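Novice: Below you'll find coords-v7.pdb; it's PDB, C-alpha atoms.
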ATOM      1  CA  MET Q 108      29.459  58.812   2.906
ATOM      2  CA  ARG Q 109      31.265  61.382   4.970
ATOM      3  CA  ALA Q 110      33.294  61.061   8.138
ATOM      4  CA  TYR Q 111      31.779  62.770  11.156
ATOM      5  CA  GLU Q 112      32.614  63.045  14.798
ATOM      6  CA  LEU Q 113      30.107  63.595  17.578
ATOM      7  CA  MET Q 114      31.063  64.893  21.000
ATOM      8  CA  THR Q 115      28.398  64.757  23.684
ATOM      9  CA  ILE Q 116      28.406  66.015  27.257
ATOM     10  CA  PHE Q 117      26.058  64.263  29.676
ATOM     11  CA  ARG Q 118      24.863  65.491  33.051
ATOM     12  CA  PRO Q 119      27.207  64.742  35.980
ATOM     13  CA  GLU Q 120      24.480  63.404  38.337
ATOM     14  CA  MET Q 121      23.991  60.319  36.163
ATOM     15  CA  ALA Q 122      25.590  56.992  37.001
ATOM     16  CA  GLU Q 123      28.335  55.919  34.642
ATOM     17  CA  ASP Q 124      26.350  52.893  33.460
ATOM     18  CA  ASP Q 125      23.380  55.105  32.604
ATOM     19  CA  VAL Q 126      25.632  57.330  30.526
ATOM     20  CA  LYS Q 127      26.917  54.319  28.612
ATOM     21  CA  LYS Q 128      23.353  53.120  28.103
ATOM     22  CA  GLU Q 129      22.373  56.545  26.857
ATOM     23  CA  LEU Q 130      25.378  56.596  24.547
ATOM     24  CA  SER Q 131      24.508  53.223  23.052
ATOM     25  CA  GLN Q 132      20.999  54.582  22.383
ATOM     26  CA  VAL Q 133      22.515  57.536  20.551
ATOM     27  CA  GLU Q 134      24.672  55.150  18.544
ATOM     28  CA  LYS Q 135      21.649  53.031  17.762
ATOM     29  CA  ALA Q 136      19.843  56.120  16.502
ATOM     30  CA  LEU Q 137      22.850  56.859  14.303
ATOM     31  CA  THR Q 138      23.042  53.354  12.844
ATOM     32  CA  ASP Q 139      19.275  53.431  12.256
ATOM     33  CA  SER Q 140      19.747  56.502  10.091
ATOM     34  CA  GLY Q 141      22.377  54.672   8.038
ATOM     35  CA  ALA Q 142      25.631  55.499   9.801
ATOM     36  CA  GLU Q 143      28.578  53.150  10.374
ATOM     37  CA  ILE Q 144      30.278  53.749  13.690
ATOM     38  CA  THR Q 145      34.055  53.522  13.483
ATOM     39  CA  LEU Q 146      35.077  54.581  16.974
ATOM     40  CA  SER Q 147      33.326  55.121  20.277
ATOM     41  CA  ASP Q 148      35.206  56.678  23.144
ATOM     42  CA  PHE Q 149      34.054  57.292  26.697
ATOM     43  CA  TRP Q 150      36.195  59.946  28.404
ATOM     44  CA  GLY Q 151      34.538  59.828  31.791
ATOM     45  CA  LYS Q 152      33.878  62.779  34.061
ATOM     46  CA  ARG Q 153      35.750  65.936  33.237
ATOM     47  CA  ARG Q 154      35.734  69.451  34.626
ATOM     48  CA  PHE Q 155      34.466  72.240  32.382
ATOM     49  CA  ALA Q 156      36.616  75.201  31.522
ATOM     50  CA  TYR Q 157      33.703  77.391  32.571
ATOM     51  CA  GLU Q 158      30.337  76.942  34.255
ATOM     52  CA  ILE Q 159      27.442  75.667  32.129
ATOM     53  CA  ASN Q 160      23.932  75.927  33.662
ATOM     54  CA  HIS Q 161      25.465  76.062  37.163
ATOM     55  CA  LEU Q 162      27.311  72.791  36.506
ATOM     56  CA  ASN Q 163      31.066  72.372  36.692
ATOM     57  CA  GLU Q 164      31.616  68.914  35.275
ATOM     58  CA  GLY Q 165      30.107  66.385  32.923
ATOM     59  CA  TYR Q 166      30.617  63.072  31.159
ATOM     60  CA  TYR Q 167      32.330  63.446  27.787
ATOM     61  CA  THR Q 168      31.862  60.958  24.992
ATOM     62  CA  VAL Q 169      33.276  60.960  21.468
ATOM     63  CA  THR Q 170      31.874  58.924  18.569
ATOM     64  CA  GLN Q 171      33.332  58.757  15.085
ATOM     65  CA  PHE Q 172      31.214  57.445  12.235
ATOM     66  CA  ASN Q 173      30.528  57.594   8.512
ATOM     67  CA  ALA Q 174      27.136  58.829   7.373
ATOM     68  CA  GLU Q 175      25.322  60.316   4.435
ATOM     69  CA  PRO Q 176      24.966  64.096   4.564
ATOM     70  CA  GLY Q 177      21.616  65.029   6.057
ATOM     71  CA  ALA Q 178      21.238  61.781   7.957
ATOM     72  CA  LEU Q 179      22.146  63.522  11.189
ATOM     73  CA  ASN Q 180      19.274  66.007  11.317
ATOM     74  CA  ASP Q 181      17.016  63.824  13.449
ATOM     75  CA  VAL Q 182      19.781  62.804  15.836
ATOM     76  CA  ASP Q 183      20.903  66.406  16.126
ATOM     77  CA  ARG Q 184      17.408  67.492  17.104
ATOM     78  CA  ALA Q 185      16.933  64.612  19.546
ATOM     79  CA  LEU Q 186      20.211  65.424  21.305
ATOM     80  CA  GLY Q 187      19.219  69.065  21.564
ATOM     81  CA  LEU Q 188      15.916  68.148  23.192
ATOM     82  CA  SER Q 189      17.337  65.515  25.529
ATOM     83  CA  ASP Q 190      17.476  66.404  29.228
ATOM     84  CA  GLN Q 191      20.506  64.209  29.892
ATOM     85  CA  VAL Q 192      22.645  65.913  27.262
ATOM     86  CA  ILE Q 193      24.163  69.233  28.279
ATOM     87  CA  ARG Q 194      25.871  69.899  24.951
ATOM     88  CA  HIS Q 195      26.657  68.077  21.756
ATOM     89  CA  LYS Q 196      28.595  68.902  18.627
ATOM     90  CA  PHE Q 197      29.049  67.336  15.212
ATOM     91  CA  VAL Q 198      32.406  67.965  13.578
ATOM     92  CA  ARG Q 199      33.776  66.875  10.218
ATOM     93  CA  PRO Q 200      37.456  66.040  10.599
ATOM     94  CA  GLU Q 201      39.176  66.632   7.257
TER      95      GLU Q 201
ATOM     96  CA  MET M 133      83.171  99.211  15.286
ATOM     97  CA  SER M 134      85.747 101.514  16.752
ATOM     98  CA  PRO M 135      84.516 103.922  19.420
ATOM     99  CA  ARG M 136      85.631 106.911  17.380
ATOM    100  CA  ARG M 137      83.185 106.160  14.577
ATOM    101  CA  LYS M 138      80.222 105.585  16.866
ATOM    102  CA  ASN M 139      78.761 109.094  16.848
ATOM    103  CA  LYS M 140      79.584 109.880  13.283
ATOM    104  CA  LYS M 141      76.706 111.205  11.233
ATOM    105  CA  PRO M 142      75.445 108.617   8.761
ATOM    106  CA  ARG M 143      76.276 109.301   5.164
ATOM    107  CA  ALA M 144      73.507 110.338   2.798
ATOM    108  CA  GLY M 145      73.545 107.062   0.928
ATOM    109  CA  THR M 146      73.101 104.876   3.973
ATOM    110  CA  ARG M 147      70.278 106.817   5.614
ATOM    111  CA  ARG M 148      67.428 104.990   3.954
ATOM    112  CA  ARG M 149      68.383 101.528   5.033
ATOM    113  CA  ALA M 150      66.582 100.096   8.064
ATOM    114  CA  PRO M 151      68.660 100.350  11.237
ATOM    115  CA  GLU M 152      69.828  96.802  11.306
ATOM    116  CA  ARG M 153      72.771  97.199  13.604
ATOM    117  CA  GLY M 154      72.125  96.361  17.257
ATOM    118  CA  ARG M 155      68.694  94.896  16.551
ATOM    119  CA  ARG M 156      68.432  91.155  17.008
ATOM    120  CA  ARG M 157      66.966  89.378  14.085
ATOM    121  CA  PRO M 158      64.257  87.012  15.436
ATOM    122  CA  LYS M 159      64.631  83.352  14.674
ATOM    123  CA  LYS M 160      62.524  82.159  11.775
ATOM    124  CA  LYS M 161      59.631  80.259  13.292
ATOM    125  CA  THR M 162      58.169  77.125  11.806
ATOM    126  CA  CYS M 163      54.565  76.032  11.790
ATOM    127  CA  TYR M 164      53.904  73.640  14.692
ATOM    128  CA  PHE M 165      51.067  71.641  13.121
ATOM    129  CA  CYS M 166      52.680  71.348   9.675
ATOM    130  CA  ASP M 167      55.742  69.858  11.370
ATOM    131  CA  GLN M 168      53.931  67.657  13.858
ATOM    132  CA  ASN M 169      50.904  66.082  12.225
ATOM    133  CA  GLN M 170      50.750  67.120   8.556
ATOM    134  CA  GLY M 171      48.631  70.164   9.230
ATOM    135  CA  TYR M 172      45.799  68.345  11.016
ATOM    136  CA  VAL M 173      44.541  70.290  14.018
ATOM    137  CA  ASP M 174      42.348  68.427  16.490
ATOM    138  CA  TYR M 175      39.968  70.449  18.686
ATOM    139  CA  LYS M 176      40.183  67.747  21.364
ATOM    140  CA  ASP M 177      43.939  68.155  21.830
ATOM    141  CA  VAL M 178      43.675  70.790  24.529
ATOM    142  CA  ALA M 179      47.342  70.716  25.511
ATOM    143  CA  ALA M 180      48.492  71.520  21.965
ATOM    144  CA  LEU M 181      45.900  74.260  21.501
ATOM    145  CA  ARG M 182      46.871  75.928  24.771
ATOM    146  CA  LYS M 183      50.263  76.663  23.219
ATOM    147  CA  PHE M 184      48.477  79.048  20.870
ATOM    148  CA  MET M 185      46.602  80.944  23.579
ATOM    149  CA  SER M 186      47.773  83.742  25.833
ATOM    150  CA  ASP M 187      47.461  83.355  29.600
ATOM    151  CA  ARG M 188      44.303  85.453  29.307
ATOM    152  CA  ALA M 189      42.954  82.679  27.042
ATOM    153  CA  LYS M 190      43.085  84.800  23.892
ATOM    154  CA  ILE M 191      44.119  83.257  20.580
ATOM    155  CA  ARG M 192      47.696  84.221  19.750
ATOM    156  CA  SER M 193      48.358  85.747  16.349
ATOM    157  CA  SER M 194      50.361  83.848  13.765
ATOM    158  CA  ARG M 195      52.858  86.686  13.900
ATOM    159  CA  VAL M 196      53.660  85.511  17.428
ATOM    160  CA  THR M 197      53.311  81.759  16.965
ATOM    161  CA  GLY M 198      54.785  81.434  13.471
ATOM    162  CA  ASN M 199      51.906  79.349  12.146
ATOM    163  CA  CYS M 200      51.359  79.232   8.412
ATOM    164  CA  PRO M 201      48.113  80.945   7.310
ATOM    165  CA  GLN M 202      46.301  77.643   6.709
ATOM    166  CA  CYS M 203      47.227  76.242  10.108
ATOM    167  CA  GLN M 204      46.416  79.512  11.866
ATOM    168  CA  ARG M 205      42.869  79.324  10.498
ATOM    169  CA  LYS M 206      42.575  75.700  11.593
ATOM    170  CA  VAL M 207      43.957  76.490  15.037
ATOM    171  CA  ALA M 208      41.519  79.368  15.490
ATOM    172  CA  ARG M 209      38.620  77.166  14.374
ATOM    173  CA  ALA M 210      39.730  74.329  16.671
ATOM    174  CA  ILE M 211      40.044  76.639  19.676
ATOM    175  CA  LYS M 212      36.559  77.993  19.039
ATOM    176  CA  ASN M 213      35.163  74.461  18.772
ATOM    177  CA  ALA M 214      36.921  73.475  21.992
ATOM    178  CA  ARG M 215      35.513  76.552  23.715
ATOM    179  CA  GLU M 216      31.986  75.586  22.747
ATOM    180  CA  MET M 217      32.498  72.185  24.371
ATOM    181  CA  ALA M 218      33.957  73.781  27.532
ATOM    182  CA  LEU M 219      37.368  72.209  26.929
ATOM    183  CA  LEU M 220      38.986  75.648  26.795
ATOM    184  CA  PRO M 221      37.909  78.879  28.472
ATOM    185  CA  TYR M 222      36.624  81.980  26.713
ATOM    186  CA  ILE M 223      38.178  84.306  29.281
ATOM    187  CA  LYS M 224      40.485  83.920  32.214
ATOM    188  CA  ARG M 225      40.950  86.651  34.787
TER     189      ARG M 225
END
Could you write out this structure as structure tokens?
Specialist:
Amino acid sequence: MRAYELMTIFRPEMAEDDVKKELSQVEKALTDSGAEITLSDFWGKRRFAYEINHLNEGYYTVTQFNAEPGALNDVDRALGLSDQVIRHKFVRPE
Amino acid sequence: MSPRRKNKKPRAGTRRRAPERGRRRPKKKTCYFCDQNQGYVDYKDVAALRKFMSDRAKIRSSRVTGNCPQCQRKVARAIKNAREMALLPYIKR
């Protein structure tokens, strides 16, 4: 198992409850692929440092979890295809 | 030094030494992240990372900041990660 951290940016038009619903779906997808979530943090709406796709703000969420290497491939692809997610990033904190 | 000796030609033996007189020796800088959190650099800590950027949002060199080589690499990596997530700017005009 390795420690990972996922940061996701959701679209600003969404309602806050929808974002949280969406986030719990992402977490469910992670646990389904064998991950143990250790921390889930909802930052709320935050301004971007620069414009992304003509948007200036978005909902930031941070999730920390332990997972086997390679278990993230499906989640990574799903997040990339999702319309609600502007950007996402997996990081391994050392 | 007495004023009379000020314009005296330097002797042959002392010529090769660096001109140390009159130049201020800069204070020895210490590595911020080694001191603060055992060398762990978090890309989410925007306020700390901004200390290592110029006002044009460029990454400052370790020569300026005094970071150790390991921390400088981590800082650069963290700033680049933060830029990808729009936490820090790429350029500022």
Novice: Identify all chain M residues at most 10 Å from chain Q by counting only C-alpha atoms; ligands do not count. Present them as a ChimeraX atom specification.
Specialist: /M:172-176,213-224
Novice: Generate the output file for the selected residues, C-alpha atoms, as an mmCIF file, in the coordinates of the input.
Specialist:
data_model
loop_
_atom_site.group_PDB
_atom_site.id
_atom_site.type_symbol
_atom_site.label_atom_id
_atom_site.label_comp_id
_atom_site.auth_asym_id
_atom_site.auth_seq_id
_atom_site.Cartn_x
_atom_site.Cartn_y
_atom_site.Cartn_z
ATOM 1 C CA TYR M 172 45.799 68.345 11.016
ATOM 2 C CA VAL M 173 44.541 70.290 14.018
ATOM 3 C CA ASP M 174 42.348 68.427 16.490
ATOM 4 C CA TYR M 175 39.968 70.449 18.686
ATOM 5 C CA LYS M 176 40.183 67.747 21.364
ATOM 6 C CA ASN M 213 35.163 74.461 18.772
ATOM 7 C CA ALA M 214 36.921 73.475 21.992
ATOM 8 C CA ARG M 215 35.513 76.552 23.715
ATOM 9 C CA GLU M 216 31.986 75.586 22.747
ATOM 10 C CA MET M 217 32.498 72.185 24.371
ATOM 11 C CA ALA M 218 33.957 73.781 27.532
ATOM 12 C CA LEU M 219 37.368 72.209 26.929
ATOM 13 C CA LEU M 220 38.986 75.648 26.795
ATOM 14 C CA PRO M 221 37.909 78.879 28.472
ATOM 15 C CA TYR M 222 36.624 81.980 26.713
ATOM 16 C CA ILE M 223 38.178 84.306 29.281
ATOM 17 C CA LYS M 224 40.485 83.920 32.214
#
Novice: For this file, the PyMOL selection byres ((chain Q and resi 111-113) around 10) selects which residues, as a ChimeraX atom specification?
Specialist: /Q:108-110,114-115,142,144-147,168-176,179,183,195-201
Novice: Which one is closest to Q:Gly151: Q:Ala178, Q:Asp124, Q:Glu134, Q:Arg184? Count all atoms listed in the file.
Specialist: Q:Asp124
Novice: What is the atom CA of Q:Leu162-atom CA of Q:Leu137 distance in Å, reported with one decimal?
Specialist: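 Separation of atom CA of Q:Leu162 and atom CA of Q:Leu137: 27.7 Å.
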Novice: I'd like the box whose edges run along x, y and z of the file and which contains every listed atom of stretch 179-197 of chain Q, padded by 5 Å per side; could you state its centre and edge lengths in Å, one decimal, as JSON?
Specialist:
{"center_x": 22.5, "center_y": 66.4, "center_z": 20.5, "size_x": 23.1, "size_y": 17.1, "size_z": 28.7}
Novice: To one decimal place, how far is atom CA of M:Val207 from atom CA of M:Gln170 in Å?
Specialist: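 So the answer is 13.3 Å.
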Novice: Using Å and a single decimal, report how far atom CA of M:Ala208 sits from atom CA of M:Asp187.
Specialist: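 Taking atom CA of M:Asp187 and atom CA of M:Ala208, their separation equals 15.8 Å.
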Novice: Can you work out which one of Q:Lys152, Q:Ser140, Q:Gln191, Q:Asp125 has the shortest atom-to-atom distance to Q:Gly177, counting only C-alpha atoms?
Specialist: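 Counting only C-alpha atoms, the residue closest to Q:Gly177 is Q:Ser140.
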Novice: Residues at most 12 Å from Q:Glu123, counting all atoms listed in the file, excluding those fewer than 3 positions away in the same chain, as a VMD selection string?
Specialist: chain Q and resid 117 to 120 126 to 130 149 to 152 165 to 168
